[in-house]
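**Q** Sharing data30.cif, mmCIF, C-alpha atoms:
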data_my_file
#
loop_
_atom_site.label_atom_id
_atom_site.label_comp_id
_atom_site.auth_asym_id
_atom_site.auth_seq_id
_atom_site.Cartn_x
_atom_site.Cartn_y
_atom_site.Cartn_z
CA LYS F 1 107.99 90.10 79.27
CA LEU F 2 108.26 92.76 81.95
CA LEU F 3 110.05 91.94 85.18
CA TYR F 4 108.78 93.37 88.44
CA ARG F 5 110.86 94.57 91.37
CA THR F 6 110.12 92.94 94.67
CA GLY F 7 110.68 96.01 96.84
CA LEU F 8 107.16 95.65 98.34
CA SER F 9 107.20 91.91 98.86
CA SER F 10 106.93 92.38 102.59
CA ASN F 11 105.38 94.88 104.95
CA SER F 12 108.73 95.42 106.64
CA ALA F 13 110.38 96.44 103.38
CA ALA F 14 107.59 98.88 102.63
CA SER F 15 107.75 100.33 106.14
CA GLU F 16 111.49 100.84 105.85
CA ARG F 17 111.04 102.72 102.58
CA LEU F 18 108.39 104.94 104.09
CA THR F 19 110.63 105.72 107.05
CA GLN F 20 113.23 107.01 104.62
CA ALA F 21 110.72 109.09 102.65
CA ILE F 22 110.31 112.79 103.20
CA VAL F 23 106.99 113.30 104.96
CA MET F 24 105.19 116.62 104.55
CA PRO F 25 101.85 117.93 105.80
CA ALA F 26 99.39 117.40 102.93
CA GLY F 27 98.12 120.95 103.10
CA ALA F 28 101.53 122.58 102.96
CA ARG F 29 101.64 122.62 99.16
CA HIS F 30 99.54 121.43 96.25
CA PRO F 31 101.20 118.13 95.27
CA LYS F 32 100.65 116.51 91.88
CA CYS F 33 100.38 113.07 93.28
CA PHE F 34 100.54 109.36 92.60
CA VAL F 35 98.79 106.82 94.80
CA PRO F 36 100.81 104.01 96.42
CA GLY F 37 101.17 101.00 94.16
CA THR F 38 101.79 103.09 91.02
CA ARG F 39 104.71 101.82 88.96
CA PHE F 40 107.06 103.26 86.34
CA ARG F 41 109.57 101.75 83.95
CA ALA F 42 113.08 101.76 85.39
CA ALA F 43 116.20 102.36 83.31
CA ASP F 44 116.87 98.60 83.15
CA GLY F 45 113.40 97.89 81.74
CA THR F 46 111.87 96.52 84.94
CA LEU F 47 108.99 98.18 86.77
CA THR F 48 109.52 100.03 90.02
CA TYR F 49 106.97 101.21 92.59
CA VAL F 50 106.56 104.88 93.39
CA GLU F 51 107.15 103.95 97.05
CA ASN F 52 110.66 102.81 96.14
CA LEU F 53 111.75 105.80 94.06
CA GLU F 54 114.77 107.76 95.23
CA LYS F 55 116.15 111.14 94.20
CA HIS F 56 118.45 110.97 91.16
CA GLU F 57 117.16 107.52 90.19
CA MET F 58 116.91 107.06 86.42
CA LEU F 59 113.73 105.91 84.71
CA LEU F 60 112.57 105.60 81.10
CA GLY F 61 110.00 107.87 79.52
CA HIS F 62 107.42 106.56 77.05
CA ASP F 63 109.61 107.58 74.10
CA GLY F 64 112.70 105.93 75.58
CA THR F 65 114.12 109.15 77.02
CA ARG F 66 116.19 108.70 80.18
CA VAL F 67 114.34 110.53 82.94
CA GLU F 68 115.74 111.56 86.32
CA VAL F 69 113.69 111.58 89.51
CA VAL F 70 114.74 115.02 90.73
CA ASP F 71 112.43 115.02 93.74
CA VAL F 72 110.10 112.60 95.52
CA LYS F 73 108.04 113.26 98.66
CA ARG F 74 105.46 111.25 100.55
CA HIS F 75 102.42 113.15 101.86
CA ASP F 76 100.58 111.79 104.88
CA VAL F 77 97.14 110.24 104.78
CA ASP F 78 94.50 112.93 104.30
CA GLU F 79 91.14 113.30 102.60
CA ARG F 80 91.63 113.88 98.88
CA GLN F 81 89.51 113.81 95.79
CA MET F 82 89.89 110.63 93.75
CA VAL F 83 88.81 110.06 90.15
CA GLN F 84 87.83 106.76 88.53
CA LEU F 85 88.34 106.46 84.78
CA THR F 86 86.18 103.67 83.32
CA PHE F 87 86.75 102.37 79.81
CA GLU F 88 84.31 100.94 77.28
CA SER F 89 85.59 97.45 78.16
CA GLY F 90 84.37 97.98 81.75
CA ASP F 91 87.91 98.12 83.15
CA HIS F 92 88.80 101.09 85.32
CA ILE F 93 91.68 102.81 87.05
CA VAL F 94 91.62 105.12 90.09
CA ILE F 95 93.92 108.13 90.35
CA THR F 96 94.12 111.42 92.25
CA ALA F 97 92.07 114.33 90.93
CA ASP F 98 95.18 116.39 90.14
CA HIS F 99 96.93 113.61 88.20
CA ARG F 100 98.43 115.02 84.98
CA VAL F 101 96.90 112.77 82.32
CA VAL F 102 98.24 112.88 78.75
CA VAL F 103 95.70 113.51 75.97
CA LEU F 104 95.97 114.26 72.25
CA ARG F 105 94.81 117.67 71.05
CA LYS F 106 95.21 118.53 67.37
CA GLY F 107 97.66 115.66 67.09
CA LYS F 108 99.92 116.90 69.88
CA GLN F 109 100.40 115.48 73.37
CA GLN F 110 99.13 117.73 76.14
CA THR F 111 98.23 117.19 79.78
CA THR F 112 95.02 117.78 81.69
CA ARG F 113 94.13 117.15 85.33
CA ALA F 114 92.08 114.02 85.85
CA VAL F 115 89.39 116.10 87.56
CA HIS F 116 88.90 118.06 84.32
CA LEU F 117 88.15 114.95 82.24
CA SER F 118 84.54 114.38 81.21
CA ASP F 119 82.50 111.42 79.98
CA GLY F 120 83.44 110.68 76.38
CA ASP F 121 86.94 112.19 76.56
CA MET F 122 89.89 110.25 75.14
CA VAL F 123 92.94 109.37 77.26
CA LEU F 124 96.26 108.30 75.78
CA PHE F 125 97.51 104.79 76.54
CA VAL F 126 100.59 102.99 75.20
CA SER F 127 98.45 101.44 72.43
CA GLY F 128 96.61 104.65 71.59
CA GLU F 129 93.58 106.62 72.72
CA LYS F 130 90.74 105.15 74.78
CA LYS F 131 87.35 106.68 75.54
CA ILE F 132 86.55 107.07 79.23
CA SER F 133 83.72 107.90 81.59
CA THR F 134 84.41 109.38 85.01
CA CYS F 135 83.19 109.55 88.58
CA SER F 136 84.81 111.04 91.69
CA TRP F 137 84.64 110.91 95.48
CA ASN F 138 86.74 111.77 98.51
CA GLU F 139 88.96 109.22 100.22
CA PHE F 140 91.66 109.20 102.88
CA VAL F 141 94.90 108.18 101.16
CA PRO F 142 98.64 108.88 101.33
CA VAL F 143 100.15 110.17 98.09
CA PHE F 144 103.58 110.59 96.53
CA GLU F 145 104.71 113.78 94.82
CA VAL F 146 107.32 113.06 92.13
CA LYS F 147 109.10 115.49 89.84
CA PHE F 148 110.75 114.18 86.67
CA GLU F 149 113.41 115.84 84.51
CA PRO F 150 112.78 116.20 81.66
CA ASP F 151 109.01 116.58 82.06
CA VAL F 152 108.01 113.91 79.52
CA ALA F 153 105.16 111.40 79.27
CA MET F 154 105.71 108.40 81.54
CA GLU F 155 104.21 104.93 81.16
CA THR F 156 102.17 104.68 84.35
CA TYR F 157 100.94 101.38 85.76
CA VAL F 158 98.24 101.55 88.44
CA LYS F 159 96.87 98.01 88.18
CA GLU F 160 98.70 94.70 87.80
CA ASP F 161 96.60 93.54 84.84
CA HIS F 162 96.04 96.82 83.04
CA GLU F 163 97.74 98.51 80.10
CA PRO F 164 99.76 101.56 81.19
CA PHE F 165 98.46 105.02 80.41
CA LEU F 166 100.57 108.13 79.93
CA THR F 167 100.97 110.73 82.65
CA LYS F 168 103.45 113.32 83.87
CA GLY F 169 104.83 114.15 87.28
CA TYR F 170 104.80 117.23 89.50
CA LYS F 171 105.01 120.63 87.86
CA SER F 172 104.84 123.87 89.85
CA PHE F 173 102.15 126.39 89.04
CA THR F 174 102.88 129.96 87.96
CA HIS F 175 100.09 132.51 88.10
CA ARG F 176 99.52 134.48 84.92
CA SER F 177 97.98 137.89 84.44
CA SER F 178 95.21 136.52 82.23
CA GLY F 179 92.04 136.06 84.27
CA LYS F 180 91.17 132.80 82.49
CA LYS F 181 94.65 131.36 82.90
CA LYS F 182 94.78 132.43 86.54
CA LYS F 183 91.44 130.71 87.21
CA GLU F 184 92.61 127.52 85.47
CA THR F 185 95.79 127.58 87.55
CA ALA F 186 93.85 128.07 90.79
CA ASP F 187 91.39 125.30 89.90
CA GLU F 188 94.21 122.89 89.11
CA ALA F 189 96.17 123.78 92.24
CA ALA F 190 93.10 123.13 94.42
CA ALA F 191 92.57 119.62 93.05
CA CYS F 192 94.88 117.88 95.52
CA GLU F 193 94.13 119.90 98.63
CA PRO F 194 92.82 117.95 101.63
CA ARG F 195 89.03 118.07 101.76
CA SER F 196 87.17 119.27 104.83
CA ALA F 197 83.77 118.07 103.66
CA PRO F 198 82.56 115.21 101.45
CA SER F 199 82.27 116.03 97.77
CA HIS F 200 79.41 115.07 95.49
CA ARG F 201 79.49 111.36 94.85
CA SER F 202 78.59 109.96 91.47
CA THR F 203 75.68 107.56 91.25
CA ALA F 204 78.08 105.11 89.59
CA SER F 205 79.32 102.29 91.77
CA LEU F 206 82.43 103.20 93.72
CA PRO F 207 85.48 100.91 93.62
CA SER F 208 87.07 99.35 96.67
CA ASP F 209 90.47 100.55 97.87
CA SER F 210 92.14 97.53 96.28
CA TYR F 211 94.15 99.81 94.01
CA LEU F 212 96.28 100.69 97.02
CA HIS F 213 99.00 98.41 98.23
CA PRO F 214 97.81 96.78 101.52
CA SER F 215 100.61 98.44 103.48
CA PHE F 216 99.21 101.88 102.62
CA ARG F 217 95.44 101.48 102.88
CA ALA F 218 93.98 104.18 105.09
CA ARG F 219 92.12 103.07 108.18
CA ARG F 220 88.46 103.96 108.07
#
Show this structure as structure tokens.
**A**
Amino acid sequence: KLLYRTGLSSNSAASERLTQAIVMPAGARHPKCFVPGTRFRAADGTLTYVENLEKHEMLLGHDGTRVEVVDVKRHDVDERQMVQLTFESGDHIVITADHRVVVLRKGKQQTTRAVHLSDGDMVLFVSGEKKISTCSWNEFVPVFEVKFEPDVAMETYVKEDHEPFLTKGYKSFTHRSSGKKKKETADEAAACEPRSAPSHRSTASLPSDSYLHPSFRARR
């Protein structure tokens, strides 16, 4: 049975952690972000919140590899595109549009941005692939940019009662000479930029902001 850290058991503890975090203007870069409340497996087998991560902390990758947190930054509340992945069971998770989600292609693990997923695509969970449908909208949220070394698949928990899915952390973009590759890079880099105008909203019902820890919910 997994044990959970109690680093966010009080608002004061959460506030102290945020005070220590590096705060950057959201538009300064294109962060590959995790929403508050996301958890990863620590080196001792417990789960730790993204809010509590520190540089040089050791975590465990999905394959048991020891993974170092080489950088972690908190980005202020700003309007960002969010994506809801809904499964055939009716369960759903909500992540940022630029989240690097692990998928299987020709039997090999690859990553794709959540915003590029379409209805009927398969996403890789700890127990295997699951078919998803998607919808997206804009929401004011703070996010955490985390870079892992090595850049391996991480078991990522975004809901207390949900099986973890596999994702990866921040990875910088490099423009290529190929027009197609350059366009893909630009599209991916734009996914986490603050939004100045509302995006198209799906006709599907939108979730509440309950996926965020109460200490980090944006004021409307």
**Q** Decode the PyMOL selection byres ((chain F and resi 61) around 7) for the given file into explicit residues and return them as an mmCIF file with C-alpha atoms, in the coordinates of the input.
**A**
data_model
loop_
_atom_site.group_PDB
_atom_site.id
_atom_site.type_symbol
_atom_site.label_atom_id
_atom_site.label_comp_id
_atom_site.auth_asym_id
_atom_site.auth_seq_id
_atom_site.Cartn_x
_atom_site.Cartn_y
_atom_site.Cartn_z
ATOM 1 C CA LEU F 59 113.730 105.910 84.710
ATOM 2 C CA LEU F 60 112.570 105.600 81.100
ATOM 3 C CA HIS F 62 107.420 106.560 77.050
ATOM 4 C CA ASP F 63 109.610 107.580 74.100
ATOM 5 C CA GLY F 64 112.700 105.930 75.580
ATOM 6 C CA THR F 65 114.120 109.150 77.020
ATOM 7 C CA ARG F 66 116.190 108.700 80.180
ATOM 8 C CA VAL F 67 114.340 110.530 82.940
ATOM 9 C CA VAL F 152 108.010 113.910 79.520
ATOM 10 C CA ALA F 153 105.160 111.400 79.270
ATOM 11 C CA MET F 154 105.710 108.400 81.540
ATOM 12 C CA GLU F 155 104.210 104.930 81.160
#
**Q** Mind pulling up the distance from CA of Lys73 in chain F to CA of Cys135 in chain F?
**A**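 Value for the CA of Cys135 in chain F-CA of Lys73 in chain F distance: 27.1 Å.
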**Q** Quick one: of F:Val141, F:Ala42, F:Val103, F:Val146, who's nearest to Lys171 in chain F, counting all atoms listed in the file?
**A**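 Smallest separation from Lys171 in chain F among the options: F:Val146.
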**Q** Which distance in Å separates CA of Val115 in chain F and CA of Met58 in chain F, to one decimal?
**A** 29.0 Å
**Q** Which is closest to Pro142 in chain F among F:Thr96, F:Thr48, F:Gln110, F:Ser127, if we use all atoms listed in the file?
**A**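 Ranking F:Thr96, F:Thr48, F:Gln110, F:Ser127 by distance to Pro142 in chain F, first place goes to F:Thr96.
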**Q** Closest to His75 in chain F among F:Val35, F:Leu117, F:Met122, F:Ile132, using all atoms listed in the file?
**A**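 Of the candidates, the smallest distance to His75 in chain F is held by F:Val35.
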**Q** Find the spatial neighbours of Arg39 in chain F, counting only C-alpha atoms, within a cut-off of 7 Å - ignore same-chain residues fewer than 6 positions away - and output them as a ChimeraX atom specification.
**A** /F:47-50,156-158
**Q** Exactly which residues make up the result of the PyMOL selection byres ((chain F and resi 70) around 8) on this file, given as number ranges by chain?
**A** F: 55-57, 68-69, 71-72, 146-149
**Q** Write the residues you've just listed into a file as a short mmCIF file (atom, residue, chain, number, x, y, z; two decimals), keeping the file's coordinate frame, and include C-alpha atoms for each of them.
**A**
data_model
loop_
_atom_site.label_atom_id
_atom_site.label_comp_id
_atom_site.auth_asym_id
_atom_site.auth_seq_id
_atom_site.Cartn_x
_atom_site.Cartn_y
_atom_site.Cartn_z
CA LYS F 55 116.15 111.14 94.20
CA HIS F 56 118.45 110.97 91.16
CA GLU F 57 117.16 107.52 90.19
CA GLU F 68 115.74 111.56 86.32
CA VAL F 69 113.69 111.58 89.51
CA ASP F 71 112.43 115.02 93.74
CA VAL F 72 110.10 112.60 95.52
CA VAL F 146 107.32 113.06 92.13
CA LYS F 147 109.10 115.49 89.84
CA PHE F 148 110.75 114.18 86.67
CA GLU F 149 113.41 115.84 84.51
#
**Q** For Lys159 in chain F, which residue among F:Asp44, F:Asp76, F:Pro36, F:Ile93 is the nearest when counting all atoms listed in the file?
**A**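 Ranked by minimum distance to Lys159 in chain F, first place goes to F:Ile93.
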**Q** How far is it from CA of Lys108 in chain F to CA of Leu53 in chain F, in Å with one decimal?
**A**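 Pair CA of Lys108 in chain F / CA of Leu53 in chain F returns 29.1 Å.
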**Q** What residues come out when you apply the PyMOL selection byres ((chain F and resi 168) around 8) to this file, written as a list in words?
**A**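 So the PyMOL selection byres ((chain F and resi 168) around 8), applied here, picks out His99, Arg100, Val101, Val102, Thr111, Phe148, Asp151, Val152, Ala153, Met154, Leu166, Thr167, Gly169 and Tyr170 of chain F.
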**Q** Pick the closest to Ala114 in chain F from F:Val126, F:Phe34, F:Glu79, F:Thr46: which is it, counting only C-alpha atoms?
**A**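 Using only C-alpha atoms, Ala114 in chain F sits closest to F:Phe34.
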